[in-house]
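Trainee: Quick one: this structure, given as structure tokens, is what I'll be asking you about.
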Amino acid sequence: MALEMIDKMDNEMTTLEEMGDLRANMTILEQELLKNHGIDPNLYIEYDVKRGLRDSSGKGVLTGLTEISDVCAYQLVHGRNIPAEGNLYYQGVNVTDIVNGLGDRRFGFEETSYLLLFGKLPSKEEMDVFFPVMAEMEELSNRFVRDVVMKASSQNIMNAMQRCVLTLYTYDRNPEDISAILAATMSLVGFCSLV
């Protein structure tokens with residue numbers, strides 16, 4: 001009996017094909033993800049991005065490019081960088097503007113999650129597609145909770161989340177597929193919305 005229960009928990013990761021109506025919404029979100037993301041390969045040459053941690057002279061090197069976030073801590077004045085009050089941007093949108101723009105809206109977390117995932121603030125129609133998927137993704141599988149969250153808990157929530165992200169990869173049947181990546185990401189975002 002115990003072995004049957006473990007087998008059931010081990011096979012509990014639901015595939016997108018088993019989710020029925022959610023598959024259509026996931027397809028829309030996948031297309032949105034692919035449409036709004038991509039880094040021009042020429043930028044790697046322009047910014048001399050290296051694959052290692054040091055250049056030929058032993059100095060640290062730029063190791064990646066992202067449009068997801070940016071921190072601006074300086075102002076350029078007469079050709080000089082002058083320290084200034086910092087600004088944080090998500091997908092080019094100032095986080096202060098996001099917070100100030102929420103007003104009476106109740107879904108700031110979900111809207112910001114959409115912005116981070118898909119590169120733009122969502123319309124009402126896009127949120128109508130996003131919400132049902134998020135609701136379905138809020139619950140992590142019993143197997144994952146048992147093996148990762150409960151057995152390997154941590155006092156440091158960021159460490160625990162980082163470990164969860166890495167471990168989700170091993171729980172997926174096809175982890176390199178964009179559908180699987182998006183589903184795993186949305187599972188974590190959905191889970192975070194409960195915390």
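Ordering of the structure tokens sets the chain letters (A, B, ...), residue numbers begin anew at 1 in every chain, and ligands are numbered from 1 in the order given.
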Report as a Markdown table the residues of range 76-156 of chain A within 9 Å of range 179-184 of chain A, each with its shortest atom pair and distance in Å (one decimal), using only C-alpha atoms, ordered by chain and increasing residue number.
Mentor:
| residue | atom | partner | partner_atom | distance |
| --- | --- | --- | --- | --- |
| A:Leu117 | CA | A:Leu182 | CA | 8.7 |
| A:Val133 | CA | A:Ala183 | CA | 9.0 |
| A:Met137 | CA | A:Ala183 | CA | 7.7 |
Trainee: Can you tell me, as a list in words, what residues are no more than 12 Å from Tyr74 in chain A when counting only C-alpha atoms, ignoring any on the same chain fewer than 4 positions away?
Mentor: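 After dropping sequence-adjacent residues, the list is Gly79, Arg80, Asn81, Ile82, Pro83, Ala84, Glu85, Gly86, Asn87 and Leu88 of chain A.
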Trainee: Could you write out, as an MDAnalysis selection string, all the residues of range 47-178 of chain A that DSSP marks as helix (DSSP H, G or I)?
Mentor: chainID A and resid 95:102 108:118 124:137 142:150 157:171 178
Trainee: Using only C-alpha atoms, which residues sit within 12 Å of Thr170 in chain A once same-chain residues fewer than 4 positions away are excluded, as number ranges by chain?
Mentor: A: 13, 144, 147-148, 163-166, 174-176, 180-181, 184
Trainee: Could the residues in this selection be written to a file with N, CA, C and O atoms, as a PDB file, in the first residue's frame?
Mentor:
ATOM      1  N   MET A  13       3.100  14.723 -11.170  1.00  0.00           N
ATOM      2  CA  MET A  13       3.363  15.917 -11.960  1.00  0.00           C
ATOM      3  C   MET A  13       2.447  15.877 -13.184  1.00  0.00           C
ATOM      4  O   MET A  13       2.571  15.018 -14.037  1.00  0.00           O
ATOM      5  N   PHE A 144       7.012  16.913  -4.917  1.00  0.00           N
ATOM      6  CA  PHE A 144       7.957  18.021  -4.857  1.00  0.00           C
ATOM      7  C   PHE A 144       7.969  18.647  -3.459  1.00  0.00           C
ATOM      8  O   PHE A 144       9.037  18.899  -2.899  1.00  0.00           O
ATOM      9  N   ASP A 147       9.735  16.101  -1.058  1.00  0.00           N
ATOM     10  CA  ASP A 147      11.165  15.905  -1.267  1.00  0.00           C
ATOM     11  C   ASP A 147      11.991  17.179  -1.131  1.00  0.00           C
ATOM     12  O   ASP A 147      13.125  17.136  -0.673  1.00  0.00           O
ATOM     13  N   VAL A 148      11.450  18.294  -1.548  1.00  0.00           N
ATOM     14  CA  VAL A 148      12.255  19.513  -1.611  1.00  0.00           C
ATOM     15  C   VAL A 148      11.891  20.508  -0.509  1.00  0.00           C
ATOM     16  O   VAL A 148      12.755  20.973   0.220  1.00  0.00           O
ATOM     17  N   ARG A 163      16.999  26.871  -4.682  1.00  0.00           N
ATOM     18  CA  ARG A 163      17.126  25.419  -4.724  1.00  0.00           C
ATOM     19  C   ARG A 163      15.892  24.794  -5.383  1.00  0.00           C
ATOM     20  O   ARG A 163      15.995  23.838  -6.151  1.00  0.00           O
ATOM     21  N   CYS A 164      14.722  25.341  -5.091  1.00  0.00           N
ATOM     22  CA  CYS A 164      13.492  24.829  -5.707  1.00  0.00           C
ATOM     23  C   CYS A 164      13.522  24.992  -7.220  1.00  0.00           C
ATOM     24  O   CYS A 164      13.122  24.090  -7.957  1.00  0.00           O
ATOM     25  N   VAL A 165      13.992  26.156  -7.684  1.00  0.00           N
ATOM     26  CA  VAL A 165      14.066  26.395  -9.127  1.00  0.00           C
ATOM     27  C   VAL A 165      14.969  25.353  -9.786  1.00  0.00           C
ATOM     28  O   VAL A 165      14.621  24.751 -10.802  1.00  0.00           O
ATOM     29  N   LEU A 166      16.126  25.133  -9.182  1.00  0.00           N
ATOM     30  CA  LEU A 166      17.061  24.157  -9.748  1.00  0.00           C
ATOM     31  C   LEU A 166      16.491  22.741  -9.705  1.00  0.00           C
ATOM     32  O   LEU A 166      16.660  21.959 -10.638  1.00  0.00           O
ATOM     33  N   ASN A 174      10.472  16.726 -19.783  1.00  0.00           N
ATOM     34  CA  ASN A 174      11.080  17.362 -20.953  1.00  0.00           C
ATOM     35  C   ASN A 174      11.487  18.789 -20.581  1.00  0.00           C
ATOM     36  O   ASN A 174      10.872  19.752 -21.026  1.00  0.00           O
ATOM     37  N   PRO A 175      12.529  18.951 -19.774  1.00  0.00           N
ATOM     38  CA  PRO A 175      12.837  20.255 -19.186  1.00  0.00           C
ATOM     39  C   PRO A 175      13.351  21.314 -20.157  1.00  0.00           C
ATOM     40  O   PRO A 175      13.361  22.481 -19.813  1.00  0.00           O
ATOM     41  N   GLU A 176      13.747  20.943 -21.348  1.00  0.00           N
ATOM     42  CA  GLU A 176      14.263  21.930 -22.298  1.00  0.00           C
ATOM     43  C   GLU A 176      13.161  22.525 -23.172  1.00  0.00           C
ATOM     44  O   GLU A 176      13.395  23.470 -23.906  1.00  0.00           O
ATOM     45  N   ALA A 180       7.492  23.400 -20.909  1.00  0.00           N
ATOM     46  CA  ALA A 180       7.897  22.924 -19.582  1.00  0.00           C
ATOM     47  C   ALA A 180       8.539  24.045 -18.779  1.00  0.00           C
ATOM     48  O   ALA A 180       8.288  24.183 -17.572  1.00  0.00           O
ATOM     49  N   ILE A 181       9.357  24.852 -19.426  1.00  0.00           N
ATOM     50  CA  ILE A 181      10.020  25.960 -18.742  1.00  0.00           C
ATOM     51  C   ILE A 181       8.982  26.959 -18.241  1.00  0.00           C
ATOM     52  O   ILE A 181       9.015  27.396 -17.091  1.00  0.00           O
ATOM     53  N   ALA A 184       6.943  25.394 -15.322  1.00  0.00           N
ATOM     54  CA  ALA A 184       7.705  25.362 -14.067  1.00  0.00           C
ATOM     55  C   ALA A 184       7.823  26.766 -13.478  1.00  0.00           C
ATOM     56  O   ALA A 184       7.656  26.961 -12.265  1.00  0.00           O
TER      57      ALA A 184
END
Trainee: If we count only C-alpha atoms and set the cut-off at 9 Å, which residues sit around range 21-31 of chain A, ignoring sequence neighbours fewer than 3 positions away in its own chain? Please answer as a ChimeraX atom specification.
Mentor: /A:16-18,34-36,118,126,129-130,132-133,136,178-179,182-183
Trainee: Once you count only C-alpha atoms, what closest atom pair and distance in Å to one decimal does each residue of range 79-178 of chain A within 7 Å of range 185-190 of chain A have, with rows by chain and rising residue number, as a tab-separated table?
Mentor:
residue	atom	partner	partner_atom	distance
A:Met134	CA	A:Gly190	CA	5.4
A:Ala135	CA	A:Gly190	CA	6.9
A:Met137	CA	A:Ser187	CA	4.5
A:Glu138	CA	A:Gly190	CA	4.1
A:Leu140	CA	A:Ser187	CA	6.8
Trainee: With N, CA and C atoms retained, could you export that selection as an mmCIF file, in the first residue's frame?
Mentor:
data_model
loop_
_atom_site.group_PDB
_atom_site.id
_atom_site.type_symbol
_atom_site.label_atom_id
_atom_site.label_comp_id
_atom_site.auth_asym_id
_atom_site.auth_seq_id
_atom_site.Cartn_x
_atom_site.Cartn_y
_atom_site.Cartn_z
ATOM 1 N N MET A 134 -2.426 30.743 -13.693
ATOM 2 C CA MET A 134 -1.799 30.974 -12.377
ATOM 3 C C MET A 134 -2.542 30.218 -11.282
ATOM 4 N N ALA A 135 -3.854 30.235 -11.327
ATOM 5 C CA ALA A 135 -4.642 29.540 -10.301
ATOM 6 C C ALA A 135 -4.350 28.048 -10.322
ATOM 7 N N MET A 137 -1.620 26.671 -11.341
ATOM 8 C CA MET A 137 -0.212 26.436 -11.027
ATOM 9 C C MET A 137 0.147 26.720 -9.566
ATOM 10 N N GLU A 138 -0.791 27.202 -8.772
ATOM 11 C CA GLU A 138 -0.473 27.574 -7.393
ATOM 12 C C GLU A 138 -0.052 26.389 -6.528
ATOM 13 N N LEU A 140 1.947 23.082 -5.819
ATOM 14 C CA LEU A 140 3.046 22.216 -6.229
ATOM 15 C C LEU A 140 2.677 20.774 -5.916
#
Trainee: Just want the 12 Å neighbourhood of Val149 in chain A, counted on only C-alpha atoms, with same-chain residues fewer than 4 positions away dropped. Output as number ranges by chain.
Mentor: A: 140-145, 153-155, 157, 159-165, 167-168, 191
Trainee: Nearest to Leu116 in chain A among A:Ile68, A:Val99, A:Val49, A:Ala73, with distances taken over only C-alpha atoms: which residue is it?
Mentor: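 Counting only C-alpha atoms, the residue closest to Leu116 in chain A is A:Ile68.
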